[in-house]
$ cat structure01.cif   # mmCIF, C-alpha atoms
data_upload
loop_
_atom_site.label_atom_id
_atom_site.label_comp_id
_atom_site.auth_asym_id
_atom_site.auth_seq_id
_atom_site.Cartn_x
_atom_site.Cartn_y
_atom_site.Cartn_z
CA GLN A 1 180.46 69.18 163.00
CA ASN A 2 182.64 69.23 166.11
CA GLU A 3 185.59 68.14 163.97
CA MET A 4 184.88 70.96 161.47
CA ALA A 5 184.67 73.50 164.29
CA GLY A 6 187.94 72.17 165.73
CA ASN A 7 189.64 72.48 162.33
CA ARG A 8 188.30 76.01 161.91
CA ASN A 9 189.58 77.01 165.37
CA LYS A 10 192.97 75.49 164.57
CA ARG A 11 193.16 77.47 161.29
CA GLU A 12 192.16 80.66 163.10
CA ARG A 13 194.86 80.11 165.75
CA THR A 14 197.43 79.42 163.03
CA SER A 15 196.37 82.57 161.17
CA SER A 16 196.59 84.66 164.34
CA LEU A 17 199.99 83.23 165.22
CA LEU A 18 201.38 83.82 161.74
CA THR A 19 200.03 87.36 161.69
CA LEU A 20 201.78 88.02 164.99
CA VAL A 21 205.01 86.40 163.79
CA SER A 22 204.88 88.36 160.51
CA PHE A 23 204.46 91.73 162.16
CA THR A 24 207.01 90.87 164.87
CA GLY A 25 209.46 89.81 162.14
CA THR A 26 208.89 93.07 160.30
CA LEU A 27 209.48 95.04 163.50
CA LEU A 28 212.66 93.11 164.33
CA LEU A 29 213.99 93.48 160.80
CA THR A 30 213.29 97.20 160.91
CA LEU A 31 215.05 97.56 164.25
CA TRP A 32 218.04 95.58 162.96
CA MET A 33 218.25 97.82 159.90
CA ILE A 34 218.14 100.96 162.05
CA LEU A 35 220.67 99.72 164.62
CA THR A 36 223.16 98.52 162.00
CA ASP A 37 222.80 101.70 159.95
CA ARG A 38 221.36 99.82 156.98
CA ALA A 39 218.29 102.02 157.08
CA SER A 40 219.79 105.30 155.96
CA SER A 41 217.04 105.92 153.47
CA SER A 42 214.34 108.50 153.06
CA PRO A 43 211.06 108.40 154.99
CA ILE A 44 209.30 108.02 151.64
CA ARG A 45 211.10 104.72 151.00
CA TRP A 46 210.19 103.50 154.49
CA THR A 47 206.56 104.47 153.94
CA ILE A 48 206.47 102.64 150.61
CA ALA A 49 208.24 99.61 152.14
CA LEU A 50 205.50 99.34 154.75
CA LEU A 51 202.49 100.51 152.77
CA LEU A 52 202.91 98.75 149.41
CA PRO A 53 203.20 95.19 150.78
CA PHE A 54 200.26 95.90 153.09
CA ILE A 55 198.11 97.05 150.17
CA VAL A 56 199.12 94.11 147.95
CA ALA A 57 198.58 91.54 150.75
CA THR A 58 195.20 93.06 151.64
CA TYR A 59 194.20 93.04 147.98
CA GLY A 60 195.24 89.38 147.75
CA VAL A 61 193.13 88.45 150.77
CA LYS A 62 190.11 90.37 149.48
CA LYS A 63 190.39 88.74 146.03
CA LYS A 64 190.83 85.33 147.71
CA SER A 65 194.27 84.84 146.17
CA LEU A 66 195.63 84.57 149.74
CA ASP A 67 194.14 83.41 153.00
CA ILE A 68 194.68 85.49 156.16
CA ALA A 69 197.88 83.73 157.23
CA GLY A 70 199.20 83.82 153.66
CA GLY A 71 198.47 87.54 153.53
CA ALA A 72 200.33 88.17 156.79
CA LEU A 73 203.38 86.29 155.60
CA ALA A 74 203.15 87.94 152.17
CA PHE A 75 203.35 91.30 153.97
CA LEU A 76 206.64 90.29 155.61
CA VAL A 77 208.06 88.89 152.36
CA GLY A 78 206.97 92.01 150.51
CA PHE A 79 208.45 94.33 153.13
CA VAL A 80 211.86 92.67 152.87
CA HIS A 81 211.86 92.89 149.08
CA VAL A 82 210.62 96.49 148.88
CA ALA A 83 213.05 97.65 151.59
CA ALA A 84 215.97 96.02 149.81
CA SER A 85 215.49 97.16 146.23
CA ASN A 86 212.97 98.65 143.82
CA SER A 87 213.88 95.89 141.39
CA PHE A 88 213.03 93.18 143.93
CA CYS A 89 209.72 94.94 144.58
CA ALA A 90 208.84 94.98 140.89
CA ILE A 91 209.78 91.33 140.46
CA MET A 92 207.66 90.25 143.46
CA ILE A 93 204.61 92.23 142.35
CA ALA A 94 204.89 90.81 138.81
CA PHE A 95 205.16 87.29 140.26
CA PHE A 96 202.16 87.81 142.56
CA ILE A 97 199.92 89.22 139.83
CA THR A 98 200.83 86.74 137.12
CA GLY A 99 200.85 83.79 139.53
CA SER A 100 197.42 84.70 140.90
CA ARG A 101 195.94 85.16 137.44
CA LEU A 102 197.51 82.05 135.95
CA SER A 103 196.41 79.91 138.91
CA LYS A 104 192.78 80.83 138.17
CA TRP A 105 193.06 80.68 134.38
CA LYS A 106 191.48 77.54 132.86
CA ARG A 107 191.11 76.03 136.33
CA LYS A 108 188.82 73.20 135.16
CA VAL A 109 191.24 72.07 132.46
CA LYS A 110 194.12 71.98 134.96
CA GLU A 111 192.05 69.98 137.46
CA SER A 112 191.53 67.25 134.86
CA PHE A 113 195.33 66.77 134.70
CA GLU A 114 196.20 67.04 138.39
CA PRO A 115 193.05 67.02 140.55
CA THR A 116 194.78 66.65 143.96
CA GLU A 117 197.98 68.60 143.28
CA ASP A 118 196.81 72.05 144.32
CA SER A 119 194.72 73.45 147.17
CA GLY A 120 192.90 75.83 144.83
CA PRO A 121 193.45 79.41 143.77
CA THR A 122 193.78 80.63 147.39
CA ARG A 123 197.37 80.48 148.63
CA ASP A 124 198.08 79.67 152.27
CA TRP A 125 201.09 80.53 154.43
CA LYS A 126 202.93 77.35 153.45
CA GLN A 127 202.83 78.26 149.77
CA VAL A 128 203.86 81.85 150.50
CA PHE A 129 206.71 80.58 152.67
CA CYS A 130 207.94 78.09 150.07
CA ASN A 131 207.80 80.66 147.28
CA GLY A 132 209.26 83.50 149.34
CA VAL A 133 211.82 82.10 151.78
CA VAL A 134 214.84 81.90 149.45
CA SER A 135 214.32 85.29 147.83
CA SER A 136 213.57 86.85 151.23
CA LEU A 137 216.80 85.46 152.67
CA ALA A 138 218.72 86.76 149.65
CA SER A 139 217.01 90.16 150.11
CA VAL A 140 218.04 90.31 153.78
CA LEU A 141 221.61 89.43 152.80
CA TYR A 142 221.44 92.14 150.12
CA LEU A 143 220.29 94.60 152.79
CA HIS A 144 223.21 93.57 154.96
CA ALA A 145 225.73 93.99 152.13
CA ASN A 146 224.27 97.07 150.46
CA GLY A 147 221.68 98.72 152.72
CA MET A 148 218.38 100.00 151.38
CA GLY A 149 218.61 100.97 147.75
CA GLU A 150 219.89 99.98 144.39
CA SER A 151 223.20 98.50 143.37
CA HIS A 152 224.40 97.95 139.84
CA LEU A 153 225.03 94.42 138.72
CA ILE A 154 228.80 94.09 138.52
CA ILE A 155 230.11 91.05 136.69
CA SER A 156 233.87 90.81 137.11
CA LYS A 157 236.59 88.57 138.48
CA GLN A 158 236.12 90.25 141.86
CA LEU A 159 233.17 88.88 143.81
CA HIS A 160 230.49 91.55 144.30
CA TRP A 161 228.06 90.33 146.96
CA PRO A 162 225.10 92.62 146.18
CA THR A 163 225.22 91.30 142.60
CA MET A 164 225.24 87.71 143.84
CA TYR A 165 222.26 88.36 146.13
CA SER A 166 220.38 90.15 143.34
CA LEU A 167 220.89 87.18 141.04
CA ALA A 168 219.76 84.85 143.84
CA VAL A 169 216.52 86.82 144.22
CA LEU A 170 215.92 86.79 140.47
CA GLY A 171 216.72 83.07 140.19
CA SER A 172 214.52 82.12 143.12
CA ILE A 173 211.51 84.03 141.86
CA SER A 174 212.08 82.67 138.35
CA CYS A 175 211.90 79.13 139.74
CA CYS A 176 208.70 80.00 141.57
CA CYS A 177 207.20 81.36 138.34
CA GLY A 178 208.06 78.11 136.60
CA ASP A 179 206.35 76.14 139.37
CA THR A 180 203.21 78.27 139.22
#
$ encode --input "structure01.cif" --output "structure tokens"
Amino acid sequence: QNEMAGNRNKRERTSSLLTLVSFTGTLLLTLWMILTDRASSSPIRWTIALLLPFIVATYGVKKKSLDIAGGALAFLVGFVHVAASNSFCAIMIAFFITGSRLSKWKRKVKESFEPTEDSGPTRDWKQVFCNGVVSSLASVLYLHANGMGESHLIISKQLHWPTMYSLAVLGSISCCCGDT
């Protein structure tokens, strides 16, 4: 029992630390966007960029699709995507909903194939990090190149960085969907 209590305390400390890191990261990213004039967007977009990921992450924790640390990191990943582009937001929400549903669908049948492969339908911070780090990095680079808002995909002989970052986000999330 002492070992179980020690493991529980370690998980709680990890969750608290990741929650702090997630919100600190969001604050630093917001400050960077404001100071580099990448944040010239409406207050409505800022509100949505903060509120929508919070609602989705909270919903995921309540439905046990995410643990606390996974929810905190999902908030940061969601903020970056929503702040960068409406398209990135839609892609991330579609991935979260379909991934959560498909992870729970026919769970018993999947366990007979790979019983030790997965930690269950609840995603922890490591899974959120692995699924979100590449697309989050591409979203931050998109923000740096384009600022908050949409950019058309431009395929030409001239290199158009927002297009490249958009394709990187799409490709990364597509790979994560294939893994799920």
$ resolve_selection --input "structure01.cif" --expression "the PyMOL selection byres ((chain A and resi 84-93) around 6)" --output "list of chain:residue names"
A:His81, A:Val82, A:Ala83, A:Ala94, A:Phe95, A:Phe96, A:Ser139, A:Leu143, A:Met148, A:Gly149, A:Glu150
$ residues_around --input "structure01.cif" --residues "region 175-178 of chain A" --least-positions-apart "4" --cutoff "7 Å" --atoms "only C-alpha atoms" --output "mmCIF file with C-alpha atoms, in the frame of the given file"
data_model
loop_
_atom_site.group_PDB
_atom_site.id
_atom_site.type_symbol
_atom_site.label_atom_id
_atom_site.label_comp_id
_atom_site.auth_asym_id
_atom_site.auth_seq_id
_atom_site.Cartn_x
_atom_site.Cartn_y
_atom_site.Cartn_z
ATOM 1 C CA PHE A 95 205.160 87.290 140.260
ATOM 2 C CA GLY A 99 200.850 83.790 139.530
ATOM 3 C CA ASN A 131 207.800 80.660 147.280
ATOM 4 C CA GLY A 171 216.720 83.070 140.190
#
$ atom_distance --input "structure01.cif" --atom1 "CA of Ile97 (chain A)" --atom2 "CA of Arg13 (chain A)"
27.9 Å
$ atom_distance --input "structure01.cif" --atom1 "CA of Pro53 (chain A)" --atom2 "CA of Ser136 (chain A)"
13.3 Å
$ resolve_selection --input "structure01.cif" --expression "the PyMOL selection byres ((chain A and resi 161) around 9)" --output "list in words"
Leu141, Tyr142, Ala145, Asn146, Leu159, His160, Pro162, Thr163, Met164, Tyr165 and Ser166 of chain A
$ axis_aligned_box --input "structure01.cif" --around "region 172-175 of chain A" --padding-each-side "3 Å" --output "JSON"
{"center_x": 213.0, "center_y": 81.6, "center_z": 140.7, "size_x": 9.0, "size_y": 10.9, "size_z": 10.8}
$ atom_distance --input "structure01.cif" --atom1 "CA of Ser135 (chain A)" --atom2 "CA of Ile173 (chain A)"
6.7 Å
$ residues_around --input "structure01.cif" --residues "region 71-77 of chain A" --least-positions-apart "2" --cutoff "8 Å" --atoms "all atoms listed in the file" --output "PDB file with C-alpha atoms, in the coordinates of the input"
ATOM      1  CA  LEU A  18     201.380  83.820 161.740  1.00  0.00           C
ATOM      2  CA  THR A  19     200.030  87.360 161.690  1.00  0.00           C
ATOM      3  CA  SER A  22     204.880  88.360 160.510  1.00  0.00           C
ATOM      4  CA  PHE A  23     204.460  91.730 162.160  1.00  0.00           C
ATOM      5  CA  GLY A  25     209.460  89.810 162.140  1.00  0.00           C
ATOM      6  CA  THR A  26     208.890  93.070 160.300  1.00  0.00           C
ATOM      7  CA  PRO A  53     203.200  95.190 150.780  1.00  0.00           C
ATOM      8  CA  PHE A  54     200.260  95.900 153.090  1.00  0.00           C
ATOM      9  CA  VAL A  56     199.120  94.110 147.950  1.00  0.00           C
ATOM     10  CA  ALA A  57     198.580  91.540 150.750  1.00  0.00           C
ATOM     11  CA  THR A  58     195.200  93.060 151.640  1.00  0.00           C
ATOM     12  CA  GLY A  60     195.240  89.380 147.750  1.00  0.00           C
ATOM     13  CA  VAL A  61     193.130  88.450 150.770  1.00  0.00           C
ATOM     14  CA  LEU A  66     195.630  84.570 149.740  1.00  0.00           C
ATOM     15  CA  ASP A  67     194.140  83.410 153.000  1.00  0.00           C
ATOM     16  CA  ILE A  68     194.680  85.490 156.160  1.00  0.00           C
ATOM     17  CA  ALA A  69     197.880  83.730 157.230  1.00  0.00           C
ATOM     18  CA  PHE A  79     208.450  94.330 153.130  1.00  0.00           C
ATOM     19  CA  VAL A  80     211.860  92.670 152.870  1.00  0.00           C
ATOM     20  CA  HIS A  81     211.860  92.890 149.080  1.00  0.00           C
ATOM     21  CA  ASP A 124     198.080  79.670 152.270  1.00  0.00           C
ATOM     22  CA  TRP A 125     201.090  80.530 154.430  1.00  0.00           C
ATOM     23  CA  VAL A 128     203.860  81.850 150.500  1.00  0.00           C
ATOM     24  CA  PHE A 129     206.710  80.580 152.670  1.00  0.00           C
ATOM     25  CA  GLY A 132     209.260  83.500 149.340  1.00  0.00           C
ATOM     26  CA  VAL A 133     211.820  82.100 151.780  1.00  0.00           C
ATOM     27  CA  SER A 136     213.570  86.850 151.230  1.00  0.00           C
TER      28      SER A 136
END
$ closest_residue --input "structure01.cif" --among "A:Pro43, A:Val134, A:Thr122, A:Ser172" --to "Lys62 (chain A)" --atoms "only C-alpha atoms"
A:Thr122
$ closest_residue --input "structure01.cif" --among "A:Gly78, A:Ile155, A:Ser65, A:Ala168" --to "Ala49 (chain A)" --atoms "all atoms listed in the file"
A:Gly78
$ build_atoms --input "structure01.cif" --residues "region 126-159 of chain A" --atoms "N, CA and C atoms" --output "JSON list (two decimals), in the frame of the given file"
[["chain", "number", "residue", "atom", "x", "y", "z"],
["A", 126, "LYS", "N", 201.89, 78.29, 153.86],
["A", 126, "LYS", "CA", 202.93, 77.35, 153.45],
["A", 126, "LYS", "C", 203.40, 77.64, 152.03],
["A", 127, "GLN", "N", 202.46, 77.95, 151.15],
["A", 127, "GLN", "CA", 202.83, 78.26, 149.77],
["A", 127, "GLN", "C", 203.59, 79.59, 149.69],
["A", 128, "VAL", "N", 203.16, 80.56, 150.47],
["A", 128, "VAL", "CA", 203.86, 81.85, 150.50],
["A", 128, "VAL", "C", 205.28, 81.65, 151.04],
["A", 129, "PHE", "N", 205.39, 80.85, 152.09],
["A", 129, "PHE", "CA", 206.71, 80.58, 152.67],
["A", 129, "PHE", "C", 207.62, 79.89, 151.66],
["A", 130, "CYS", "N", 207.12, 78.84, 151.03],
["A", 130, "CYS", "CA", 207.94, 78.09, 150.07],
["A", 130, "CYS", "C", 208.36, 78.95, 148.89],
["A", 131, "ASN", "N", 207.47, 79.80, 148.41],
["A", 131, "ASN", "CA", 207.80, 80.66, 147.28],
["A", 131, "ASN", "C", 208.64, 81.86, 147.68],
["A", 132, "GLY", "N", 208.60, 82.26, 148.95],
["A", 132, "GLY", "CA", 209.26, 83.50, 149.34],
["A", 132, "GLY", "C", 210.49, 83.38, 150.22],
["A", 133, "VAL", "N", 210.75, 82.20, 150.78],
["A", 133, "VAL", "CA", 211.82, 82.10, 151.78],
["A", 133, "VAL", "C", 213.21, 82.33, 151.17],
["A", 134, "VAL", "N", 213.50, 81.77, 150.02],
["A", 134, "VAL", "CA", 214.84, 81.90, 149.45],
["A", 134, "VAL", "C", 215.09, 83.33, 148.99],
["A", 135, "SER", "N", 214.12, 83.91, 148.29],
["A", 135, "SER", "CA", 214.32, 85.29, 147.83],
["A", 135, "SER", "C", 214.31, 86.27, 148.99],
["A", 136, "SER", "N", 213.56, 85.98, 150.05],
["A", 136, "SER", "CA", 213.57, 86.85, 151.23],
["A", 136, "SER", "C", 214.93, 86.79, 151.94],
["A", 137, "LEU", "N", 215.47, 85.60, 152.06],
["A", 137, "LEU", "CA", 216.80, 85.46, 152.67],
["A", 137, "LEU", "C", 217.85, 86.20, 151.84],
["A", 138, "ALA", "N", 217.78, 86.05, 150.51],
["A", 138, "ALA", "CA", 218.72, 86.76, 149.65],
["A", 138, "ALA", "C", 218.52, 88.28, 149.77],
["A", 139, "SER", "N", 217.28, 88.72, 149.94],
["A", 139, "SER", "CA", 217.01, 90.16, 150.11],
["A", 139, "SER", "C", 217.59, 90.68, 151.42],
["A", 140, "VAL", "N", 217.47, 89.90, 152.49],
["A", 140, "VAL", "CA", 218.04, 90.31, 153.78],
["A", 140, "VAL", "C", 219.56, 90.38, 153.67],
["A", 141, "LEU", "N", 220.16, 89.40, 152.99],
["A", 141, "LEU", "CA", 221.61, 89.43, 152.80],
["A", 141, "LEU", "C", 222.03, 90.62, 151.94],
["A", 142, "TYR", "N", 221.20, 90.95, 150.94],
["A", 142, "TYR", "CA", 221.44, 92.14, 150.12],
["A", 142, "TYR", "C", 221.40, 93.40, 150.99],
["A", 143, "LEU", "N", 220.39, 93.46, 151.88],
["A", 143, "LEU", "CA", 220.29, 94.60, 152.79],
["A", 143, "LEU", "C", 221.53, 94.71, 153.67],
["A", 144, "HIS", "N", 222.02, 93.58, 154.12],
["A", 144, "HIS", "CA", 223.21, 93.57, 154.96],
["A", 144, "HIS", "C", 224.44, 94.05, 154.18],
["A", 145, "ALA", "N", 224.56, 93.63, 152.93],
["A", 145, "ALA", "CA", 225.73, 93.99, 152.13],
["A", 145, "ALA", "C", 225.64, 95.40, 151.54],
["A", 146, "ASN", "N", 224.43, 95.85, 151.23],
["A", 146, "ASN", "CA", 224.27, 97.07, 150.46],
["A", 146, "ASN", "C", 223.44, 98.15, 151.16],
["A", 147, "GLY", "N", 222.62, 97.77, 152.13],
["A", 147, "GLY", "CA", 221.68, 98.72, 152.72],
["A", 147, "GLY", "C", 220.46, 98.86, 151.82],
["A", 148, "MET", "N", 219.58, 99.77, 152.18],
["A", 148, "MET", "CA", 218.38, 100.00, 151.38],
["A", 148, "MET", "C", 218.77, 100.74, 150.11],
["A", 149, "GLY", "N", 218.33, 100.26, 148.99],
["A", 149, "GLY", "CA", 218.61, 100.97, 147.75],
["A", 149, "GLY", "C", 219.15, 100.07, 146.66],
["A", 150, "GLU", "N", 219.49, 100.71, 145.59],
["A", 150, "GLU", "CA", 219.89, 99.98, 144.39],
["A", 150, "GLU", "C", 221.40, 99.81, 144.31],
["A", 151, "SER", "N", 221.80, 98.75, 143.66],
["A", 151, "SER", "CA", 223.20, 98.50, 143.37],
["A", 151, "SER", "C", 223.28, 97.97, 141.95],
["A", 152, "HIS", "N", 224.24, 98.44, 141.20],
["A", 152, "HIS", "CA", 224.40, 97.95, 139.84],
["A", 152, "HIS", "C", 224.90, 96.52, 139.87],
["A", 153, "LEU", "N", 224.50, 95.76, 138.86],
["A", 153, "LEU", "CA", 225.03, 94.42, 138.72],
["A", 153, "LEU", "C", 226.45, 94.54, 138.18],
["A", 154, "ILE", "N", 227.40, 94.01, 138.92],
["A", 154, "ILE", "CA", 228.80, 94.09, 138.52],
["A", 154, "ILE", "C", 229.30, 92.67, 138.30],
["A", 155, "ILE", "N", 229.59, 92.36, 137.05],
["A", 155, "ILE", "CA", 230.11, 91.05, 136.69],
["A", 155, "ILE", "C", 231.60, 91.23, 136.40],
["A", 156, "SER", "N", 232.43, 90.68, 137.27],
["A", 156, "SER", "CA", 233.87, 90.81, 137.11],
["A", 156, "SER", "C", 234.54, 89.63, 137.81],
["A", 157, "LYS", "N", 235.85, 89.63, 137.79],
["A", 157, "LYS", "CA", 236.59, 88.57, 138.48],
["A", 157, "LYS", "C", 236.50, 88.74, 139.99],
["A", 158, "GLN", "N", 236.31, 89.98, 140.44],
["A", 158, "GLN", "CA", 236.12, 90.25, 141.86],
["A", 158, "GLN", "C", 234.68, 89.91, 142.24],
["A", 159, "LEU", "N", 234.50, 89.24, 143.35],
["A", 159, "LEU", "CA", 233.17, 88.88, 143.81],
["A", 159, "LEU", "C", 232.46, 90.12, 144.36]]
